[in-house]
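Quick look at start-v3.pdb (PDB, C-alpha atoms and all ligand atoms):
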```
ATOM      1  CA  MET A   1      98.570  79.546  85.080  1.00  0.00           C
ATOM      2  CA  PHE A   2      97.315  81.797  87.866  1.00  0.00           C
ATOM      3  CA  GLY A   3      97.722  79.542  90.891  1.00  0.00           C
ATOM      4  CA  LYS A   4     101.461  79.686  91.488  1.00  0.00           C
ATOM      5  CA  ILE A   5     100.953  81.242  94.922  1.00  0.00           C
ATOM      6  CA  ASP A   6      98.377  78.595  95.767  1.00  0.00           C
ATOM      7  CA  SER A   7     100.968  75.935  95.033  1.00  0.00           C
ATOM      8  CA  ILE A   8     103.581  77.695  97.175  1.00  0.00           C
ATOM      9  CA  ILE A   9     101.121  77.816 100.065  1.00  0.00           C
ATOM     10  CA  LYS A  10     100.316  74.133  99.642  1.00  0.00           C
ATOM     11  CA  GLU A  11     103.928  73.114  99.186  1.00  0.00           C
ATOM     12  CA  LYS A  12     105.107  74.917 102.300  1.00  0.00           C
ATOM     13  CA  ASN A  13     101.921  74.135 104.209  1.00  0.00           C
ATOM     14  CA  LEU A  14     101.679  77.791 105.151  1.00  0.00           C
ATOM     15  CA  LYS A  15      99.387  79.123 107.784  1.00  0.00           C
ATOM     16  CA  PRO A  16      98.082  82.649 107.254  1.00  0.00           C
ATOM     17  CA  SER A  17      99.770  83.701 110.488  1.00  0.00           C
ATOM     18  CA  ARG A  18     103.173  82.965 108.937  1.00  0.00           C
ATOM     19  CA  CYS A  19     102.602  85.371 106.093  1.00  0.00           C
ATOM     20  CA  VAL A  20     103.976  88.845 106.509  1.00  0.00           C
ATOM     21  CA  TYR A  21     101.668  90.073 103.815  1.00  0.00           C
ATOM     22  CA  HIS A  22      99.177  88.478 101.491  1.00  0.00           C
ATOM     23  CA  THR A  23      96.792  90.190  99.168  1.00  0.00           C
ATOM     24  CA  MET A  24      94.915  89.781  95.952  1.00  0.00           C
ATOM     25  CA  ARG A  25      93.914  92.869  94.039  1.00  0.00           C
ATOM     26  CA  LEU A  26      91.683  93.154  91.038  1.00  0.00           C
ATOM     27  CA  LEU A  27      92.861  95.674  88.492  1.00  0.00           C
ATOM     28  CA  GLU A  28      91.311  97.353  85.493  1.00  0.00           C
ATOM     29  CA  ASN A  29      90.721  95.390  82.278  1.00  0.00           C
ATOM     30  CA  GLY A  30      90.501  92.042  84.031  1.00  0.00           C
ATOM     31  CA  GLY A  31      94.014  92.273  85.380  1.00  0.00           C
ATOM     32  CA  LYS A  32      94.905  91.058  88.815  1.00  0.00           C
ATOM     33  CA  VAL A  33      97.846  90.827  91.116  1.00  0.00           C
ATOM     34  CA  ARG A  34      98.429  88.568  94.083  1.00  0.00           C
ATOM     35  CA  VAL A  35     101.312  89.085  96.463  1.00  0.00           C
ATOM     36  CA  LEU A  36     102.606  86.791  99.164  1.00  0.00           C
ATOM     37  CA  VAL A  37     105.420  87.797 101.485  1.00  0.00           C
ATOM     38  CA  LEU A  38     106.877  85.378 103.998  1.00  0.00           C
ATOM     39  CA  SER A  39     109.276  85.910 106.869  1.00  0.00           C
ATOM     40  CA  ASP A  40     112.179  85.914 104.406  1.00  0.00           C
ATOM     41  CA  ARG A  41     110.904  89.352 103.243  1.00  0.00           C
ATOM     42  CA  ILE A  42     110.775  88.122  99.672  1.00  0.00           C
ATOM     43  CA  ALA A  43     107.635  89.022  97.785  1.00  0.00           C
ATOM     44  CA  ARG A  44     106.196  86.428  95.453  1.00  0.00           C
ATOM     45  CA  ALA A  45     103.887  88.151  93.045  1.00  0.00           C
ATOM     46  CA  GLU A  46     101.752  86.709  90.328  1.00  0.00           C
ATOM     47  CA  TYR A  47      99.808  88.892  88.012  1.00  0.00           C
ATOM     48  CA  ILE A  48      97.646  89.186  84.978  1.00  0.00           C
ATOM     49  CA  CYS A  49      98.797  92.318  83.222  1.00  0.00           C
ATOM     50  CA  PRO A  50      95.937  94.816  82.804  1.00  0.00           C
ATOM     51  CA  LYS A  51      97.604  96.154  79.660  1.00  0.00           C
ATOM     52  CA  CYS A  52      98.400  93.024  77.672  1.00  0.00           C
ATOM     53  CA  GLY A  53      96.816  90.128  79.562  1.00  0.00           C
ATOM     54  CA  PHE A  54     100.130  88.369  80.151  1.00  0.00           C
ATOM     55  CA  CYS A  55     100.149  86.098  83.176  1.00  0.00           C
ATOM     56  CA  GLY A  56     103.442  86.076  85.012  1.00  0.00           C
ATOM     57  CA  PHE A  57     105.195  85.395  88.292  1.00  0.00           C
ATOM     58  CA  VAL A  58     108.079  87.275  89.880  1.00  0.00           C
ATOM     59  CA  GLU A  59     110.004  87.181  93.112  1.00  0.00           C
ATOM     60  CA  ALA A  60     111.446  90.396  94.444  1.00  0.00           C
ATOM     61  CA  GLU A  61     112.612  92.049  97.603  1.00  0.00           C
ATOM     62  CA  TRP A  62     109.595  93.234  99.574  1.00  0.00           C
ATOM     63  CA  LYS A  63     109.218  96.956  99.809  1.00  0.00           C
ATOM     64  CA  ARG A  64     106.425  99.452  99.842  1.00  0.00           C
ATOM     65  CA  PRO A  65     104.927 100.715  97.729  1.00  0.00           C
ATOM     66  CA  PHE A  66     105.233  97.490  95.827  1.00  0.00           C
ATOM     67  CA  SER A  67     104.962  97.136  92.096  1.00  0.00           C
ATOM     68  CA  VAL A  68     105.871  94.543  89.512  1.00  0.00           C
ATOM     69  CA  LYS A  69     106.830  94.986  85.919  1.00  0.00           C
ATOM     70  CA  CYS A  70     105.059  92.984  83.247  1.00  0.00           C
ATOM     71  CA  GLU A  71     107.638  90.695  81.670  1.00  0.00           C
ATOM     72  CA  LYS A  72     105.935  90.970  78.342  1.00  0.00           C
ATOM     73  CA  CYS A  73     104.988  94.603  77.753  1.00  0.00           C
ATOM     74  CA  GLY A  74     106.944  96.312  80.523  1.00  0.00           C
ATOM     75  CA  ALA A  75     103.903  97.938  82.119  1.00  0.00           C
ATOM     76  CA  THR A  76     104.245  98.723  85.792  1.00  0.00           C
ATOM     77  CA  ILE A  77     101.603  96.975  87.862  1.00  0.00           C
ATOM     78  CA  LYS A  78     101.151  98.702  91.171  1.00  0.00           C
ATOM     79  CA  VAL A  79      99.743  97.052  94.225  1.00  0.00           C
ATOM     80  CA  PRO A  80      97.381  99.629  95.693  1.00  0.00           C
ATOM     81  CA  LYS A  81      98.265 100.833  99.137  1.00  0.00           C
ATOM     82  CA  LEU A  82      96.602  99.164 102.056  1.00  0.00           C
ATOM     83  CA  LYS A  83      95.518 100.171 105.472  1.00  0.00           C
ATOM     84  CA  GLY A  84      96.071  96.916 107.311  1.00  0.00           C
ATOM     85  CA  LYS A  85      98.779  94.336 107.327  1.00  0.00           C
ATOM     86  CA  LYS A  86      96.698  91.684 105.595  1.00  0.00           C
ATOM     87  CA  ASP A  87      93.539  92.169 103.706  1.00  0.00           C
ATOM     88  CA  PHE A  88      93.224  89.008 101.722  1.00  0.00           C
TER      89      PHE A  88
HETATM   90 ZN    ZN B   1     101.808  93.400  79.976  1.00  0.00          ZN
END
```
Would you encode the structure as C-alpha cells?
Ligand SMILES: [Zn+2]
Amino acid sequence: MFGKIDSIIKEKNLKPSRCVYHTMRLLENGGKVRVLVLSDRIARAEYICPKCGFCGFVEAEWKRPFSVKCEKCGATIKVPKLKGKKDF
C-alpha cells in the first residue's frame, strides 16, 4: 500500500520544483513516513507505524514540526526536523 504519494506525483505530473516539501524518513522498527507538501500547503503523509506496523495515509494542514497520528493505534509519528527545505 505504500506508494500513495508516488501515485499522486504521477497523477499530477509533479516536478520536484513544485513541491514545497518532500521527504521520506525511516523510523525505528521498520516504520517510515513520507511527506509531500504542494503549493496548497496541504501535507500528504503516508506512513508505516513504527509501533503497530499499520500503513496509512493522511492529509493535513502543513505545519512544523509535523507529525501524524496512527489511525490504528493512535501513536504519534513525528517527522524529524530538517535543516533544508527538501532532503528527499
Ligand atoms: Zn500504529
Can you list what the PyMOL selection byres (((not hetatm)) within 9 of (chain B and resi 1)) grabs from this structure, as a list in words?
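Output from the PyMOL selection byres (((not hetatm)) within 9 of (chain B and resi 1)), applied to this file: Ile48, Cys49, Pro50, Lys51, Cys52, Gly53, Phe54, Cys55, Lys69, Cys70, Glu71, Lys72, Cys73, Gly74, Ala75, Thr76 and Ile77 of chain A.
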Option closest in space to Arg25 in chain A, from A:Lys78, A:Val68, A:Ile9, A:Val37 [counting only C-alpha atoms]
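Closest candidate: A:Lys78.
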When you draw a straight line from CA of Ile8 in chain A to CA of Arg44 in chain A, how long is it in Å?
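So the two atoms, CA of Ile8 in chain A and CA of Arg44 in chain A, lie 9.3 Å apart.
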Can you give me, as an mmCIF file with C-alpha atoms, in the frame of the given file, the residues this file yields under the PyMOL selection byres (((chain A and resi 39) around 10) and not hetatm)?
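Everything below was put into out31.cif:
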```
data_model
loop_
_atom_site.group_PDB
_atom_site.id
_atom_site.type_symbol
_atom_site.label_atom_id
_atom_site.label_comp_id
_atom_site.auth_asym_id
_atom_site.auth_seq_id
_atom_site.Cartn_x
_atom_site.Cartn_y
_atom_site.Cartn_z
ATOM 1 C CA ARG A 18 103.173 82.965 108.937
ATOM 2 C CA CYS A 19 102.602 85.371 106.093
ATOM 3 C CA VAL A 20 103.976 88.845 106.509
ATOM 4 C CA TYR A 21 101.668 90.073 103.815
ATOM 5 C CA VAL A 37 105.420 87.797 101.485
ATOM 6 C CA LEU A 38 106.877 85.378 103.998
ATOM 7 C CA ASP A 40 112.179 85.914 104.406
ATOM 8 C CA ARG A 41 110.904 89.352 103.243
ATOM 9 C CA ILE A 42 110.775 88.122 99.672
ATOM 10 C CA ALA A 43 107.635 89.022 97.785
#
```
Show me, as a PDB file with C-alpha atoms, in the coordinates of the input, the residues that have an atom within 8 Å of Glu46 in chain A when counting all atoms listed in the file, minus same-chain residues fewer than 5 positions from it.
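Everything below was put into out.pdb:
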```pdb
ATOM      1  CA  PHE A   2      97.315  81.797  87.866  1.00  0.00           C
ATOM      2  CA  LYS A   4     101.461  79.686  91.488  1.00  0.00           C
ATOM      3  CA  ILE A   5     100.953  81.242  94.922  1.00  0.00           C
ATOM      4  CA  VAL A  33      97.846  90.827  91.116  1.00  0.00           C
ATOM      5  CA  ARG A  34      98.429  88.568  94.083  1.00  0.00           C
ATOM      6  CA  VAL A  35     101.312  89.085  96.463  1.00  0.00           C
ATOM      7  CA  CYS A  55     100.149  86.098  83.176  1.00  0.00           C
ATOM      8  CA  GLY A  56     103.442  86.076  85.012  1.00  0.00           C
ATOM      9  CA  PHE A  57     105.195  85.395  88.292  1.00  0.00           C
ATOM     10  CA  VAL A  58     108.079  87.275  89.880  1.00  0.00           C
TER      11      VAL A  58
END
```
Grab the CA of Ser67 in chain A to CA of Lys81 in chain A distance for me, in Å with one decimal place.
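Those two atoms sit 10.4 Å apart.
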May I ask for the distance between CA of Ala45 in chain A and CA of Glu59 in chain A, given in Å to one decimal place?
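Separation between CA of Ala45 in chain A and CA of Glu59 in chain A: 6.2 Å.
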Nearest to Lys15 in chain A, chosen from A:Phe66, A:Leu36, A:Pro80, A:Tyr47, with only C-alpha atoms counted in the distances
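Going through A:Phe66, A:Leu36, A:Pro80, A:Tyr47 one by one, the smallest distance to Lys15 in chain A is for A:Leu36.
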Is it possible to get the axis-aligned box enclosing range 31-50 of chain A (all listed atoms, 3 Å extra per side) as JSON, with centre and edge lengths in Å rounded to one decimal?
```
{"center_x": 103.1, "center_y": 90.1, "center_z": 94.8, "size_x": 24.2, "size_y": 15.4, "size_z": 30.1}
```
